[in-house]
Amino acid sequence: MAKIIVVTSGKGGVGKTTSSAAIGTGLALKGHKTVIIDFDIGLRNLDLIMGCERRVVYDFVNVINGEANLKQTLIKDKRIDNLFILPASQTRDKDALTKDGVERVLNELAKDFDFILCDSPAGIEAGAMMALYFADEAIVVTNPEVSSVRDSDRILGMLSSKSRRAEQGQDSIKEHLLLTRYNPERVEKGEMLSVDDVKEILSIDLVGVIPESQAVLNASNSGQPVILDKDSDAGQAYLDTVERLLGENVPFRFLTVEKKGLLKRIFGG
Amino acid sequence: MSDQSLELKGSLFPLSVLSCPDLSLNALQQQLQQKLAQAPAFFYQAPIVLNLTEVEQAPDFDAIKQLFNELNLVLVGVCGANSSIKQQAQRAGLAALQLGKDAKTVKATDTAETPRQTTLVTNNVAVPMDSRIIEQTVRSGQQVYAKGADLVVKGTVGAGAEVIADGNIHIYGTLRGKAIAGAGGDSSKRIFCYNLQAELVSIAGNYWLSESLQGSFWGKPCCIKLQDDQLVLAELV
């Protein structure tokens, strides 16, 4: 049975698509057949982050409208086996998604995928609701600042009331907190909320902490999911996150300020 | 000004329902006396509704009324009766009431081994709600209203969330959102919370914003009540 995971946040620009790309790639690296669906109809981004923007022929909306089948539409990743992308439509808007249509596509994907990752658009409108409606698990991407935390709280409320699981009275969606753009130095200075602050406010389990890193921007610009940059702190943190998502017990890293060595202090680091 | 001198309004009252398969006077008297001996004060002049679901022959209602009188009980009506018994009860001056849903499940024990027993169950014929319990966290943007009832939240009330009750509000987590107690105007209601970081607290329309709450109770367990139209914060324990 495929597991449907929504990557959501409420607030825009916190790293949903970056995280979707990294985690989806990570799951595939671990040998699980994974598809990432871009639910951000009209603002297609996932294909850029995944570096497959030139290979988009058909899109999610085409599949829903029956204008193309899944086999034609799914883009197979060139780097990793088991990884596929279902791109969003750039020319349509969020209303193009219907509940029946999305359900049909998800059911068909569920037949031969292990993980279906839904990259949600920002906001709490129809598009975001559609992305989370069918989810079994949710990764709530949050930045360590108050407005992002509040929006995440709002989305958590939606997950527990507006999802299919909630409406049908099934077990509730399993919620994971993914803290991104974490900067231990600024936390120490009191400019940023700490991991514990955010955990305390949202009271859900922490699945990962991604440090603020230049590697993320570089990866986005080059169309390489950051998890493939194994030397970078962000890449390693995403790998840890994927392992935790798969049920492994991995200690958290990059939570404290790295002490600079004497040489680094002298020559700059 | 209206010159209305008479007013009829629907209202709900808790009534005790008596179920007893054997309504012969002697048996009833004996069993009732036994029951009342356990808690004489509790049932003193208590209004009683007789459940006749399992009764096929109309008992002597006048005699039963007399018996209830002697035992300091007030027989106000019957429920679950078939139409002919109902008519007779009405002729005896008793109200014919509709059986509450859960009253149906209450049965007198009637087996060969055990002697017949009268079950006297305090049963709300119409159930008024008295408290609403929220098991989880109330998230930002969510609103909970306990109409005519107390509200108990086991989790936290997030910033941007609202909990409203006509009765008291109890929050076992942190209160970061708004809490409005005594929404129906009852100034005796209170707010209890384990950690006060509220955006707003209000009792019967008197409210304080977060700024006014930044005192010694901020982030601490706290009880909020209304005293002479002024909100007062006090220690929880």
# chains A, B, ... in the order shown; residues from 1 in each chain; ligands from 1
$ interface_residues --of "chain B" --to "chain A" --cutoff "10 Å" --atoms "only C-alpha atoms" --output "list of chain:residue names"
B:Gln136, B:Thr137, B:Val138, B:Arg139, B:Ser140, B:Gly141, B:Gln142, B:Gly155, B:Thr156, B:Val157, B:Gly158, B:Ala159, B:Gly160, B:Ala161, B:Thr174, B:Arg176
$ write_last_selection --atoms "all heavy atoms" --output "short mmCIF file (atom, residue, chain, number, x, y, z; two decimals), in the first residue's frame"
data_model
loop_
_atom_site.label_atom_id
_atom_site.label_comp_id
_atom_site.auth_asym_id
_atom_site.auth_seq_id
_atom_site.Cartn_x
_atom_site.Cartn_y
_atom_site.Cartn_z
N GLN B 136 -7.85 17.26 22.27
CA GLN B 136 -6.57 17.63 21.69
C GLN B 136 -6.37 19.14 21.72
O GLN B 136 -7.13 19.87 22.30
CB GLN B 136 -6.43 17.08 20.27
CG GLN B 136 -7.34 17.70 19.24
CD GLN B 136 -8.73 17.14 19.26
OE1 GLN B 136 -9.35 17.03 20.31
NE2 GLN B 136 -9.25 16.79 18.10
N THR B 137 -5.31 19.54 21.06
CA THR B 137 -4.96 20.95 21.00
C THR B 137 -5.92 21.70 20.09
O THR B 137 -6.33 21.17 19.06
CB THR B 137 -3.51 21.04 20.47
OG1 THR B 137 -2.64 20.57 21.48
CG2 THR B 137 -3.13 22.45 20.10
N VAL B 138 -6.32 22.90 20.49
CA VAL B 138 -7.12 23.74 19.61
C VAL B 138 -6.15 24.62 18.83
O VAL B 138 -5.41 25.41 19.41
CB VAL B 138 -8.10 24.62 20.41
CG1 VAL B 138 -8.99 25.41 19.46
CG2 VAL B 138 -8.95 23.77 21.33
N ARG B 139 -6.12 24.41 17.51
CA ARG B 139 -5.11 25.07 16.67
C ARG B 139 -5.54 26.46 16.25
O ARG B 139 -6.73 26.78 16.27
CB ARG B 139 -4.88 24.22 15.41
CG ARG B 139 -4.41 22.82 15.67
CD ARG B 139 -2.94 22.79 15.94
NE ARG B 139 -2.45 21.45 16.22
CZ ARG B 139 -1.23 21.23 16.68
NH1 ARG B 139 -0.43 22.24 16.94
NH2 ARG B 139 -0.82 20.00 16.91
N SER B 140 -4.56 27.23 15.79
CA SER B 140 -4.82 28.57 15.28
C SER B 140 -5.94 28.54 14.24
O SER B 140 -5.95 27.68 13.37
CB SER B 140 -3.53 29.11 14.65
OG SER B 140 -3.74 30.39 14.15
N GLY B 141 -6.88 29.46 14.35
CA GLY B 141 -7.96 29.52 13.36
C GLY B 141 -9.15 28.67 13.73
O GLY B 141 -10.21 28.80 13.12
N GLN B 142 -9.00 27.80 14.70
CA GLN B 142 -10.14 26.97 15.10
C GLN B 142 -10.92 27.69 16.19
O GLN B 142 -10.37 28.45 16.98
CB GLN B 142 -9.67 25.61 15.61
CG GLN B 142 -9.10 24.76 14.49
CD GLN B 142 -8.68 23.37 14.98
OE1 GLN B 142 -8.14 23.24 16.06
NE2 GLN B 142 -8.94 22.37 14.16
N GLY B 155 -5.62 19.93 25.74
CA GLY B 155 -4.36 20.38 25.14
C GLY B 155 -4.18 21.87 25.29
O GLY B 155 -4.67 22.50 26.22
N THR B 156 -3.47 22.41 24.32
CA THR B 156 -3.14 23.82 24.31
C THR B 156 -4.12 24.56 23.41
O THR B 156 -4.66 23.98 22.49
CB THR B 156 -1.68 23.96 23.79
OG1 THR B 156 -0.81 23.56 24.83
CG2 THR B 156 -1.36 25.36 23.35
N VAL B 157 -4.35 25.84 23.70
CA VAL B 157 -5.14 26.68 22.80
C VAL B 157 -4.14 27.59 22.09
O VAL B 157 -3.55 28.47 22.71
CB VAL B 157 -6.18 27.49 23.58
CG1 VAL B 157 -6.93 28.43 22.64
CG2 VAL B 157 -7.16 26.57 24.28
N GLY B 158 -3.94 27.36 20.80
CA GLY B 158 -2.90 28.05 20.05
C GLY B 158 -3.22 29.52 19.81
O GLY B 158 -4.36 29.95 19.94
N ALA B 159 -2.18 30.28 19.47
CA ALA B 159 -2.37 31.68 19.13
C ALA B 159 -3.31 31.76 17.93
O ALA B 159 -3.16 31.02 16.97
CB ALA B 159 -1.04 32.32 18.80
N GLY B 160 -4.31 32.64 18.00
CA GLY B 160 -5.26 32.74 16.90
C GLY B 160 -6.41 31.77 17.00
O GLY B 160 -7.28 31.75 16.15
N ALA B 161 -6.43 30.95 18.05
CA ALA B 161 -7.57 30.06 18.27
C ALA B 161 -8.50 30.71 19.29
O ALA B 161 -8.09 31.56 20.07
CB ALA B 161 -7.10 28.71 18.78
N THR B 174 -1.33 25.24 27.48
CA THR B 174 -1.06 26.68 27.48
C THR B 174 -2.18 27.41 26.75
O THR B 174 -2.64 26.95 25.72
CB THR B 174 0.28 26.95 26.76
OG1 THR B 174 1.29 26.16 27.38
CG2 THR B 174 0.66 28.40 26.83
N ARG B 176 -2.78 30.34 24.58
CA ARG B 176 -2.14 31.40 23.79
C ARG B 176 -3.16 32.20 22.99
O ARG B 176 -2.90 33.29 22.55
CB ARG B 176 -1.12 30.80 22.81
CG ARG B 176 0.08 30.19 23.48
CD ARG B 176 1.22 29.97 22.50
NE ARG B 176 2.33 29.36 23.18
CZ ARG B 176 2.48 28.05 23.37
NH1 ARG B 176 1.56 27.22 22.88
NH2 ARG B 176 3.50 27.57 24.03
#
$ residues_around --residues "Asp62 of chain B" --least-positions-apart "3" --cutoff "9 Å" --atoms "only C-alpha atoms" --output "MDAnalysis selection string"
chainID B and resid 59 65:67 89 92:93
$ residues_around --residues "Leu209 of chain B" --least-positions-apart "4" --cutoff "7 Å" --atoms "only C-alpha atoms" --output "PyMOL selection string"
chain B and resi 199-201+213
$ write_last_selection --atoms "N, CA, C and O atoms" --output "PDB file, in the first residue's frame"
ATOM      1  N   GLU B 199      -4.063  35.866  24.259  1.00  0.00           N
ATOM      2  CA  GLU B 199      -4.252  37.083  23.476  1.00  0.00           C
ATOM      3  C   GLU B 199      -5.338  37.931  24.125  1.00  0.00           C
ATOM      4  O   GLU B 199      -5.302  39.152  24.119  1.00  0.00           O
ATOM      5  N   LEU B 200      -6.329  37.218  24.656  1.00  0.00           N
ATOM      6  CA  LEU B 200      -7.460  37.904  25.253  1.00  0.00           C
ATOM      7  C   LEU B 200      -8.177  36.947  26.200  1.00  0.00           C
ATOM      8  O   LEU B 200      -8.328  35.767  25.891  1.00  0.00           O
ATOM      9  N   VAL B 201      -8.588  37.445  27.342  1.00  0.00           N
ATOM     10  CA  VAL B 201      -9.492  36.672  28.193  1.00  0.00           C
ATOM     11  C   VAL B 201     -10.712  37.536  28.477  1.00  0.00           C
ATOM     12  O   VAL B 201     -10.605  38.754  28.606  1.00  0.00           O
ATOM     13  N   LEU B 213      -2.263  41.436  30.735  1.00  0.00           N
ATOM     14  CA  LEU B 213      -2.038  40.171  31.431  1.00  0.00           C
ATOM     15  C   LEU B 213      -0.561  39.941  31.744  1.00  0.00           C
ATOM     16  O   LEU B 213      -0.209  38.984  32.421  1.00  0.00           O
TER      17      LEU B 213
END
$ select_by_dssp --residues "segment 82-202 of chain A" --states "helix (DSSP H, G or I)" --output "number ranges by chain"
A: 94-96, 99-112, 126-133, 146-159, 164-167, 184-188, 195-202
$ residues_around --residues "Ser9 of chain A" --least-positions-apart "4" --cutoff "8 Å" --atoms "only C-alpha atoms" --output "short mmCIF file (atom, residue, chain, number, x, y, z; two decimals) with C-alpha atoms, in the first residue's frame"
data_model
loop_
_atom_site.label_atom_id
_atom_site.label_comp_id
_atom_site.auth_asym_id
_atom_site.auth_seq_id
_atom_site.Cartn_x
_atom_site.Cartn_y
_atom_site.Cartn_z
CA VAL A 14 9.52 28.25 3.92
CA LYS A 16 8.08 23.09 0.92
CA ALA A 122 1.04 27.85 0.19
CA GLY A 123 -2.16 29.14 1.74
CA VAL A 140 4.75 20.43 8.24
CA VAL A 141 7.60 22.64 7.06
CA THR A 142 8.22 25.48 9.48
CA SER A 148 5.56 30.62 10.08
CA ASP A 151 0.57 29.35 9.96
CA SER A 152 1.80 25.83 10.66
CA ILE A 155 -2.49 23.98 8.85
#
$ residues_around --residues "Leu159 of chain A" --least-positions-apart "2" --cutoff "9 Å" --atoms "only C-alpha atoms" --output "JSON, numbers by chain"
{"A": [129, 132, 133, 135, 138, 154, 155, 156, 157, 161, 162, 163, 165, 166, 172, 173, 175]}
$ write_last_selection --atoms "N, CA, C and O atoms" --output "PDB file, in the first residue's frame"
ATOM      1  N   MET A 129      -5.851  22.568   0.310  1.00  0.00           N
ATOM      2  CA  MET A 129      -6.785  21.604   0.888  1.00  0.00           C
ATOM      3  C   MET A 129      -6.782  20.303   0.084  1.00  0.00           C
ATOM      4  O   MET A 129      -6.847  19.215   0.636  1.00  0.00           O
ATOM      5  N   LEU A 132      -3.716  18.141   0.853  1.00  0.00           N
ATOM      6  CA  LEU A 132      -3.668  17.433   2.138  1.00  0.00           C
ATOM      7  C   LEU A 132      -4.847  16.477   2.334  1.00  0.00           C
ATOM      8  O   LEU A 132      -4.815  15.619   3.218  1.00  0.00           O
ATOM      9  N   TYR A 133      -5.873  16.601   1.489  1.00  0.00           N
ATOM     10  CA  TYR A 133      -7.119  15.865   1.756  1.00  0.00           C
ATOM     11  C   TYR A 133      -6.914  14.349   1.860  1.00  0.00           C
ATOM     12  O   TYR A 133      -7.457  13.698   2.747  1.00  0.00           O
ATOM     13  N   ALA A 135      -4.104  12.660   2.428  1.00  0.00           N
ATOM     14  CA  ALA A 135      -2.821  12.269   3.034  1.00  0.00           C
ATOM     15  C   ALA A 135      -2.964  11.269   4.176  1.00  0.00           C
ATOM     16  O   ALA A 135      -3.964  11.253   4.902  1.00  0.00           O
ATOM     17  N   ALA A 138       1.749  13.805   7.226  1.00  0.00           N
ATOM     18  CA  ALA A 138       2.001  15.185   6.819  1.00  0.00           C
ATOM     19  C   ALA A 138       3.352  15.633   7.338  1.00  0.00           C
ATOM     20  O   ALA A 138       3.698  15.363   8.490  1.00  0.00           O
ATOM     21  N   ARG A 154      -2.119  26.625  12.106  1.00  0.00           N
ATOM     22  CA  ARG A 154      -3.378  26.695  11.367  1.00  0.00           C
ATOM     23  C   ARG A 154      -3.534  25.469  10.456  1.00  0.00           C
ATOM     24  O   ARG A 154      -4.593  24.860  10.401  1.00  0.00           O
ATOM     25  N   ILE A 155      -2.444  25.136   9.755  1.00  0.00           N
ATOM     26  CA  ILE A 155      -2.494  23.983   8.853  1.00  0.00           C
ATOM     27  C   ILE A 155      -2.710  22.689   9.641  1.00  0.00           C
ATOM     28  O   ILE A 155      -3.434  21.793   9.219  1.00  0.00           O
ATOM     29  N   LEU A 156      -2.090  22.604  10.817  1.00  0.00           N
ATOM     30  CA  LEU A 156      -2.287  21.415  11.651  1.00  0.00           C
ATOM     31  C   LEU A 156      -3.758  21.259  12.032  1.00  0.00           C
ATOM     32  O   LEU A 156      -4.290  20.153  12.086  1.00  0.00           O
ATOM     33  N   GLY A 157      -4.410  22.405  12.273  1.00  0.00           N
ATOM     34  CA  GLY A 157      -5.843  22.372  12.549  1.00  0.00           C
ATOM     35  C   GLY A 157      -6.622  21.850  11.357  1.00  0.00           C
ATOM     36  O   GLY A 157      -7.564  21.070  11.504  1.00  0.00           O
ATOM     37  N   SER A 161      -9.044  18.413  10.752  1.00  0.00           N
ATOM     38  CA  SER A 161     -10.483  18.595  10.585  1.00  0.00           C
ATOM     39  C   SER A 161     -10.949  18.496   9.139  1.00  0.00           C
ATOM     40  O   SER A 161     -12.073  18.100   8.869  1.00  0.00           O
ATOM     41  N   LYS A 162     -10.075  18.822   8.170  1.00  0.00           N
ATOM     42  CA  LYS A 162     -10.536  18.914   6.792  1.00  0.00           C
ATOM     43  C   LYS A 162     -10.048  17.769   5.902  1.00  0.00           C
ATOM     44  O   LYS A 162     -10.305  17.767   4.714  1.00  0.00           O
ATOM     45  N   SER A 163      -9.289  16.834   6.460  1.00  0.00           N
ATOM     46  CA  SER A 163      -8.749  15.760   5.635  1.00  0.00           C
ATOM     47  C   SER A 163      -9.772  14.628   5.490  1.00  0.00           C
ATOM     48  O   SER A 163     -10.760  14.582   6.208  1.00  0.00           O
ATOM     49  N   ARG A 165      -9.245  11.544   6.227  1.00  0.00           N
ATOM     50  CA  ARG A 165      -9.189  10.739   7.444  1.00  0.00           C
ATOM     51  C   ARG A 165     -10.065  11.333   8.541  1.00  0.00           C
ATOM     52  O   ARG A 165     -10.734  10.606   9.273  1.00  0.00           O
ATOM     53  N   ALA A 166     -10.044  12.672   8.658  1.00  0.00           N
ATOM     54  CA  ALA A 166     -10.866  13.317   9.674  1.00  0.00           C
ATOM     55  C   ALA A 166     -12.349  13.183   9.330  1.00  0.00           C
ATOM     56  O   ALA A 166     -13.174  12.871  10.191  1.00  0.00           O
ATOM     57  N   SER A 172      -6.109   9.580  12.764  1.00  0.00           N
ATOM     58  CA  SER A 172      -5.754  10.893  12.253  1.00  0.00           C
ATOM     59  C   SER A 172      -4.421  10.826  11.490  1.00  0.00           C
ATOM     60  O   SER A 172      -3.663   9.877  11.624  1.00  0.00           O
ATOM     61  N   ILE A 173      -4.189  11.864  10.693  1.00  0.00           N
ATOM     62  CA  ILE A 173      -2.964  11.964   9.905  1.00  0.00           C
ATOM     63  C   ILE A 173      -1.765  12.049  10.850  1.00  0.00           C
ATOM     64  O   ILE A 173      -1.797  12.762  11.843  1.00  0.00           O
ATOM     65  N   GLU A 175       1.493  13.482  11.963  1.00  0.00           N
ATOM     66  CA  GLU A 175       2.080  14.794  11.684  1.00  0.00           C
ATOM     67  C   GLU A 175       3.553  14.839  12.089  1.00  0.00           C
ATOM     68  O   GLU A 175       3.921  14.403  13.175  1.00  0.00           O
TER      69      GLU A 175
END
$ residues_around --residues "Cys79 of chain B" --least-positions-apart "5" --cutoff "8 Å" --atoms "only C-alpha atoms" --output "MDAnalysis selection string"
chainID B and resid 49:53 96:99
$ closest_residue --among "A:Tyr182, A:Phe134, A:Phe60, A:Phe113" --to "Val257 of chain A" --atoms "only C-alpha atoms"
A:Tyr182
$ residues_around --residues "Lys33 of chain A" --least-positions-apart "3" --cutoff "7 Å" --atoms "only C-alpha atoms" --output "PyMOL selection string"
chain A and resi 28+82-83+113-115
$ write_last_selection --atoms "N, CA and C atoms" --output "CSV table (one decimal), in the first residue's frame"
chain,number,residue,atom,x,y,z
A,28,ALA,N,13.7,7.6,-2.6
A,28,ALA,CA,14.0,6.8,-3.8
A,28,ALA,C,15.5,6.3,-3.6
A,82,ASN,N,13.6,4.6,-9.6
A,82,ASN,CA,12.5,4.7,-8.6
A,82,ASN,C,11.9,6.1,-8.3
A,83,LEU,N,12.4,7.1,-9.0
A,83,LEU,CA,12.0,8.4,-8.7
A,83,LEU,C,11.2,9.0,-9.9
A,113,PHE,N,3.4,2.6,-6.6
A,113,PHE,CA,4.4,3.4,-5.9
A,113,PHE,C,4.4,3.0,-4.4
A,114,ASP,N,5.5,3.2,-3.7
A,114,ASP,CA,5.6,3.0,-2.3
A,114,ASP,C,5.2,4.3,-1.6
A,115,PHE,N,5.7,5.4,-2.1
A,115,PHE,CA,5.5,6.7,-1.5
A,115,PHE,C,4.9,7.7,-2.6
